[in-house]
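One structure is given here, and the rest of the page talks about it.
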Amino acid sequence: MSEMHELGVVKAAEMIRKGAISSTELMEALLARCSALDDLLKVWVTLNGDAAIATARARDHELASEGPRGPLHGVPVGIKDIYFTRGELTTSGSTIYAEFVPDYDATTVALLRQAGAIIMGKTVTTEFACGDPSPTVSPWNAAHTPGGSSSGSAVGAAVGMFPAALGSQTGGSIVRPSSYNGIVGLKPTFGRVSRYGVYPVSESLDTMGPMVRSVEDAALMLNALSGHDANDPDSSERPTTDYLRASQAHINRPRLGLVRQFFMEQCDDETRANTESIAEKLRDAGAIVEEVALPVDFDKALLGQRALMSVEGAQVHESNFAVRADDFSSNVRGLIEQGLATPALTYLKAKHLQREFGRNVQSAIRGYDALLMPTTPAPAPPSRETTGDPKFQSPWTFGGFPEITLPSGLSEGGMPLGVQLVSGYFDEGRLLAVAAWCEQVMGVRLTPMVPTA
């Protein structure tokens, strides 16, 4: 049997349900892992081991007396520290909210509890989920960025502190740090997962999603997280599906559109070679892989995404910024100042561009099961002063499209590389099925070697 910290969401849930392990045993193993690693990696803002053990024991008792609460019964999960969590410190990575304790759960947190998951604690985020680096350390090389803004969630999942965590993405904050740390990160369609109770960055862009170590784990997490929420005005009423079952669907010859435009032009040689090699491997396994040119300007999309993020971010922080400007870190302050200085006409043009970009990509993607491209322009940069470049995710976030990153190898310097898949609106079932097929063909599982003593 795998070490307990190596168990994924699906496997852990199955073993707990069948009595092969208890939730308490799993929690004890993960807390020991956290104790051994967190001084080095700085994943946690808040971790209450006693409360986690008490909840695990309660789940075990509940399982024995009443049966499983839901598909995640007894499975520990880490929560990014912008998600409101009832009775738990929720700082959003800022001194302004250093003592803030919400009295209700974000919808996503409530749904995880309803599914039987155990909230272990709050993982480190960059300040207000923006661009200032967090204290979290890459488990692959401490001199490199772990990415952001979902730094703690990515690193904790990569080293086995928990089988799954929640992240959020306004530019590239789920997919990019997932790739930098060699795990799977899923950003669903805008509106598929509720934003209610999550400290906002940008109402036109913010998307919630899971960070895990396999496609099937992402699918099971999406089962628990997705659905309409009347508390979120942008929450979709479109029906969900069984994403785990969809991810297990048999596929013979997926049709993939390889996007060399912009992505292959903007990445380094090693990343380009890795992506081309993966495309060839998928083609050899039976996929139809052909280059596709999308009728969009990615550079304009990046400018549009930045305009929306800065203006809407300025609106979010306006009252605090008016009286506590010095309490904001430099990148967040710069974002707010840019938003305050942006003309209304520029913002409106960005909104129009957002709709146009979405229509054009949605039309072009119809002939494919998914689009394929590198996840990042290069491996995680060798600097702790950056969270990396989000330009390979930001266009998809701008358009509201679902995307998933898969580990695809290691660089010559020993850092993770990834490829990402993008599908049409609310087509997560097909995206996950194709991603699972690609994952199996690629056969890449990346695990950092982290000293535990």
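Labels for the structure tokens follow display order: chains A, B, ..., residues from 1 in each chain, ligands from 1.
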>> Need the shell around Gly443 of chain A: protein/DNA/RNA residues with any atom at most 12 Å away, counting only C-alpha atoms. Skip same-chain ones fewer than 2 positions apart. Format as a list in words?
In response: Ser214, Ile278, Lys281, Leu282, Leu406, Pro407, Ser408, Gly409, Ala435, Ala436, Trp437, Cys438, Glu439, Gln440, Val441, Arg445 and Leu446 of chain A
Based on the selection just made, write C-alpha atoms of those residues as a PDB file, in the first residue's frame.
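See result.pdb below for the written result:
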```pdb
ATOM      1  CA  SER A 214      -4.491  13.375 -10.474  1.00  0.00           C
ATOM      2  CA  ILE A 278       4.080  15.408 -25.573  1.00  0.00           C
ATOM      3  CA  LYS A 281       3.450  11.019 -27.832  1.00  0.00           C
ATOM      4  CA  LEU A 282      -0.276  11.652 -27.752  1.00  0.00           C
ATOM      5  CA  LEU A 406      -0.955  18.129 -16.224  1.00  0.00           C
ATOM      6  CA  PRO A 407       2.670  17.461 -15.229  1.00  0.00           C
ATOM      7  CA  SER A 408       4.640  16.594 -18.358  1.00  0.00           C
ATOM      8  CA  GLY A 409       8.251  16.164 -17.240  1.00  0.00           C
ATOM      9  CA  ALA A 435      -7.128  14.993 -19.546  1.00  0.00           C
ATOM     10  CA  ALA A 436      -7.404  11.526 -17.977  1.00  0.00           C
ATOM     11  CA  TRP A 437      -6.579   9.920 -21.331  1.00  0.00           C
ATOM     12  CA  CYS A 438      -3.574  12.204 -21.775  1.00  0.00           C
ATOM     13  CA  GLU A 439      -2.455  11.600 -18.185  1.00  0.00           C
ATOM     14  CA  GLN A 440      -2.457   7.857 -18.771  1.00  0.00           C
ATOM     15  CA  VAL A 441      -0.576   8.123 -22.064  1.00  0.00           C
ATOM     16  CA  ARG A 445       3.974  11.536 -11.886  1.00  0.00           C
ATOM     17  CA  LEU A 446       6.201  14.114 -10.245  1.00  0.00           C
TER      18      LEU A 446
END
```
> If we count only C-alpha atoms, what is near Leu63 of chain A at a cut-off of 12 Å, once residues fewer than 3 positions away on the same chain are taken out, given as a list in words?
Replying inline: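 Contacts, with the query itself left out: Ala13, Ile16, Arg17, Lys18, Gly19, Ser22, Ser23, Thr24, Ala56, Arg57, Ala58, Arg59, Asp60, Glu66, Gly67, Pro68, Arg69, Gly70, Pro71, Leu72, His73, Gly74 and Gly116 of chain A.
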>> At a cut-off of 7 Å, using only C-alpha atoms, what residues contact Gly121 of chain A? Leave out same-chain residues fewer than 5 positions from it and give the result as a list of chain:residue names.
In response: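 So, after excluding close chain neighbours, the residues are A:Thr46, A:Leu47, A:Asn48, A:Gly78, A:Ile79.
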Any chance you could export the current selection's C-alpha atoms as a PDB file, in the first residue's frame?
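Written out: part-v2.pdb:
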```pdb
ATOM      1  CA  THR A  46      -3.631  28.195  10.419  1.00  0.00           C
ATOM      2  CA  LEU A  47      -3.462  24.488  11.224  1.00  0.00           C
ATOM      3  CA  ASN A  48      -5.295  23.236  14.311  1.00  0.00           C
ATOM      4  CA  GLY A  78      -6.534  22.439   2.698  1.00  0.00           C
ATOM      5  CA  ILE A  79      -8.323  25.752   2.102  1.00  0.00           C
TER       6      ILE A  79
END
```
> Near segment 365-373 of chain A, counting only C-alpha atoms, which residues have an atom at most 6 Å away, once you skip same-chain residues fewer than 6 positions from it, shown as a list in words?
Replying inline: Arg255, Leu256, Gly257, Leu258, Val259, Val419, Gln420, Leu421, Val422 and Ser423 of chain A
>> For Ile174 of chain A, find every residue with an atom within 12 Å (counting only C-alpha atoms), except residues of its own chain fewer than 2 positions away, and show them as a VMD selection string.
In response: chain A and resid 80 125 129 146 to 155 165 to 172 176 to 181 183 to 188 206 to 212 375 387 390 393 to 394 397 402 to 405 420
For the residues selected in the previous step, produce a file with C-alpha atoms as an mmCIF file, in the first residue's frame.
```
data_model
loop_
_atom_site.group_PDB
_atom_site.id
_atom_site.type_symbol
_atom_site.label_atom_id
_atom_site.label_comp_id
_atom_site.auth_asym_id
_atom_site.auth_seq_id
_atom_site.Cartn_x
_atom_site.Cartn_y
_atom_site.Cartn_z
ATOM 1 C CA LYS A 80 -6.691 28.821 0.576
ATOM 2 C CA THR A 125 -1.950 32.927 -0.193
ATOM 3 C CA ALA A 129 -4.440 36.718 -3.984
ATOM 4 C CA PRO A 146 6.499 28.172 -5.771
ATOM 5 C CA GLY A 147 4.126 30.321 -7.824
ATOM 6 C CA GLY A 148 1.062 32.166 -6.639
ATOM 7 C CA SER A 149 -1.300 33.226 -5.564
ATOM 8 C CA SER A 150 -2.336 29.747 -4.358
ATOM 9 C CA SER A 151 1.161 29.032 -3.058
ATOM 10 C CA GLY A 152 0.374 27.011 0.059
ATOM 11 C CA SER A 153 -2.299 24.930 -1.639
ATOM 12 C CA ALA A 154 0.058 23.960 -4.478
ATOM 13 C CA VAL A 155 3.040 23.094 -2.297
ATOM 14 C CA ALA A 165 -6.754 21.901 -1.639
ATOM 15 C CA LEU A 166 -8.802 24.812 -2.903
ATOM 16 C CA GLY A 167 -7.208 27.532 -4.990
ATOM 17 C CA SER A 168 -8.562 30.522 -6.867
ATOM 18 C CA GLN A 169 -7.666 32.079 -10.211
ATOM 19 C CA THR A 170 -8.041 35.622 -11.477
ATOM 20 C CA GLY A 171 -5.081 35.443 -13.839
ATOM 21 C CA GLY A 172 -3.209 32.164 -13.398
ATOM 22 C CA ARG A 176 0.469 28.172 -12.794
ATOM 23 C CA PRO A 177 1.504 27.156 -9.243
ATOM 24 C CA SER A 178 0.107 23.682 -9.895
ATOM 25 C CA SER A 179 2.417 23.353 -12.887
ATOM 26 C CA TYR A 180 5.399 24.804 -11.024
ATOM 27 C CA ASN A 181 4.930 22.164 -8.318
ATOM 28 C CA ILE A 183 0.534 18.636 -9.688
ATOM 29 C CA VAL A 184 -2.862 18.846 -11.413
ATOM 30 C CA GLY A 185 -4.809 22.105 -11.178
ATOM 31 C CA LEU A 186 -8.309 22.653 -12.564
ATOM 32 C CA LYS A 187 -9.847 26.051 -13.272
ATOM 33 C CA PRO A 188 -13.512 25.454 -14.127
ATOM 34 C CA ASP A 206 -12.454 35.173 -10.134
ATOM 35 C CA THR A 207 -12.813 31.395 -10.436
ATOM 36 C CA MET A 208 -12.559 28.736 -7.717
ATOM 37 C CA GLY A 209 -11.116 25.278 -8.267
ATOM 38 C CA PRO A 210 -9.224 22.260 -6.882
ATOM 39 C CA MET A 211 -5.494 21.537 -6.739
ATOM 40 C CA VAL A 212 -4.736 17.815 -6.565
ATOM 41 C CA THR A 375 1.164 25.618 -19.199
ATOM 42 C CA THR A 387 5.295 34.387 -8.526
ATOM 43 C CA PRO A 390 0.590 34.194 -15.728
ATOM 44 C CA GLN A 393 -3.440 31.281 -18.212
ATOM 45 C CA SER A 394 -4.738 34.856 -18.153
ATOM 46 C CA THR A 397 -9.381 33.271 -17.379
ATOM 47 C CA PRO A 402 -12.116 25.819 -18.238
ATOM 48 C CA GLU A 403 -8.497 24.684 -18.224
ATOM 49 C CA ILE A 404 -6.459 21.976 -16.557
ATOM 50 C CA THR A 405 -2.704 21.500 -16.208
ATOM 51 C CA GLN A 420 -2.494 22.504 -20.280
#
```
> Which neighbours of Arg260 of chain A fall inside 10 Å, counting only C-alpha atoms, when residues of the same chain fewer than 3 positions from it are skipped, and could you give them as a list of chain:residue names?
Replying inline: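 Here the answer would be A:Gly257, A:Phe263, A:Met264, A:Glu265, A:Gln266, A:Arg272, A:Thr275, A:Glu276, A:Glu291, A:Val292, A:Ala293, A:Leu294, A:Leu372, A:Met373, A:Pro374.
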>> When you look at Thr145 of chain A with a cut-off of 8 Å (counting only C-alpha atoms), what residues show up, excluding the ones that are within fewer than 3 positions of it in the same chain? I need them as a ChimeraX atom specification.
In response: /A:137-138,142,380-388
>> Using only C-alpha atoms, can you tell me which of A:Thr189, A:Ser235, A:Ser310, A:Ser202 comes closest to Thr342 of chain A?
In response: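 Using only C-alpha atoms, the shortest distance to Thr342 of chain A belongs to A:Ser310.
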> How many Å lie between atom CA of Gly424 of chain A and atom CA of Gln362 of chain A, rounded to one decimal?
Replying inline: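 Distance reported for this atom pair: 5.8 Å.
Between atom CA of Ala307 of chain A and atom CA of Ala341 of chain A the separation is 10.4 Å.
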>> Taking only segment 235-338 of chain A into account, list the residues labelled alpha helix (DSSP H) by DSSP (computed from the backbone), as a count of residues only.
In response: 61
> Can you list every residue in segment 15-239 of chain A that DSSP puts in strand (DSSP E), as a ChimeraX atom specification?
Replying inline: /A:44-47,76-80,118-123,164-169,184-187,207-212
Write the residues of the preceding selection, restricted to C-alpha atoms, as a PDB file, in the first residue's frame.
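Wrote it out as part.pdb, contents follow:
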```pdb
ATOM      1  CA  TRP A  44       0.016  26.893   6.599  1.00  0.00           C
ATOM      2  CA  VAL A  45      -1.431  30.106   7.982  1.00  0.00           C
ATOM      3  CA  THR A  46      -3.631  28.195  10.419  1.00  0.00           C
ATOM      4  CA  LEU A  47      -3.462  24.488  11.224  1.00  0.00           C
ATOM      5  CA  PRO A  76      -8.681  16.047   4.654  1.00  0.00           C
ATOM      6  CA  VAL A  77      -8.560  19.217   2.537  1.00  0.00           C
ATOM      7  CA  GLY A  78      -6.534  22.439   2.698  1.00  0.00           C
ATOM      8  CA  ILE A  79      -8.323  25.752   2.102  1.00  0.00           C
ATOM      9  CA  LYS A  80      -6.691  28.821   0.576  1.00  0.00           C
ATOM     10  CA  ILE A 118     -12.440  17.613   6.804  1.00  0.00           C
ATOM     11  CA  ILE A 119     -11.106  21.162   6.698  1.00  0.00           C
ATOM     12  CA  MET A 120      -7.535  20.872   7.986  1.00  0.00           C
ATOM     13  CA  GLY A 121      -6.787  24.584   8.008  1.00  0.00           C
ATOM     14  CA  LYS A 122      -5.939  27.623   5.909  1.00  0.00           C
ATOM     15  CA  THR A 123      -3.102  27.609   3.375  1.00  0.00           C
ATOM     16  CA  ALA A 164      -6.496  18.172  -2.179  1.00  0.00           C
ATOM     17  CA  ALA A 165      -6.754  21.901  -1.639  1.00  0.00           C
ATOM     18  CA  LEU A 166      -8.802  24.812  -2.903  1.00  0.00           C
ATOM     19  CA  GLY A 167      -7.208  27.532  -4.990  1.00  0.00           C
ATOM     20  CA  SER A 168      -8.562  30.522  -6.867  1.00  0.00           C
ATOM     21  CA  GLN A 169      -7.666  32.079 -10.211  1.00  0.00           C
ATOM     22  CA  VAL A 184      -2.862  18.846 -11.413  1.00  0.00           C
ATOM     23  CA  GLY A 185      -4.809  22.105 -11.178  1.00  0.00           C
ATOM     24  CA  LEU A 186      -8.309  22.653 -12.564  1.00  0.00           C
ATOM     25  CA  LYS A 187      -9.847  26.051 -13.272  1.00  0.00           C
ATOM     26  CA  THR A 207     -12.813  31.395 -10.436  1.00  0.00           C
ATOM     27  CA  MET A 208     -12.559  28.736  -7.717  1.00  0.00           C
ATOM     28  CA  GLY A 209     -11.116  25.278  -8.267  1.00  0.00           C
ATOM     29  CA  PRO A 210      -9.224  22.260  -6.882  1.00  0.00           C
ATOM     30  CA  MET A 211      -5.494  21.537  -6.739  1.00  0.00           C
ATOM     31  CA  VAL A 212      -4.736  17.815  -6.565  1.00  0.00           C
TER      32      VAL A 212
END
```
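Shortest atom-to-atom contact with Gly227 of chain A among A:Thr91, A:Asn252, A:Ser247, A:Thr107: A:Thr107, counting only C-alpha atoms.
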Please report as CSV every residue of segment 318-338 of chain A lying within 12 Å of segment 192-201 of chain A, along with the nearest atom pair and their distance in Å (one decimal), using only C-alpha atoms.
```
residue,atom,partner,partner_atom,distance
A:Val332,CA,A:Val201,CA,10.2
A:Leu335,CA,A:Val201,CA,10.4
A:Ile336,CA,A:Val201,CA,10.5
```
